[in-house]
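Taking it in order: structure first as structure tokens, then the write-up.
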Amino acid sequence: MSDQVNRFLGDSPARTLVKLVVASLIVGFVMKVFGWQPWDLVENIRRFILDLWHSGFAALGKFGDYLLLGASIVIPLYIILRVFNYRR
């Protein structure tokens with residue numbers, strides 16, 4: 001049983017606990033220095049996804065604008081050229 005626990009944790013439980021405590025202290029210190037909170041990380045990820053969502057649809061809207069603007073010139077020219085070529 002002890003071998004399975006060691007294999008799962010990657011080391012003995014005591015050493016794993018010490019590593020986790022040291023890593024937690026370092027990360028906690030860095031977060032305190034920069035004034036970060038765990039909830040800020042979640043909020044920033046949520047805001048990033050929403051901004052990406054909105055800018056993605058804005059890009060699609062611009063694509064549609066460009067398509068319609070170009071089509072307002074290209075399609076009439078195409079029809080005119082087809083009519084003139086059809087007479088020949």
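Residue numbers start at 1 in each chain; chains themselves are named A, B, ... in the order of the structure tokens; ligands are numbered from 1 in the order shown.
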### Task
Mind checking which residues fall within 12 Å of range 5-10 of chain A, counting only C-alpha atoms, ignoring those fewer than 5 positions away in the same chain, and posting them as a list in words?
Arg15, Thr16, Leu17, Lys19 and Leu20 of chain A
Which residues of range 7-43 of chain A have any atom within 12 Å of an atom in range 48-67 of chain A when counting only C-alpha atoms, and what is the closest pair of atoms for each, with the distance in Å to one decimal? Order the rows by chain and rising number and write it as JSON lines.
{"residue": "A:Asp40", "atom": "CA", "partner": "A:Phe48", "partner_atom": "CA", "distance": 11.9}
{"residue": "A:Leu41", "atom": "CA", "partner": "A:Phe48", "partner_atom": "CA", "distance": 10.5}
{"residue": "A:Val42", "atom": "CA", "partner": "A:Phe48", "partner_atom": "CA", "distance": 9.9}
{"residue": "A:Glu43", "atom": "CA", "partner": "A:Phe48", "partner_atom": "CA", "distance": 8.5}
#### Entry: Computed interatomic separation between CA of Pro13 in chain A and CA of Val27 in chain A (Å)
20.8 Å
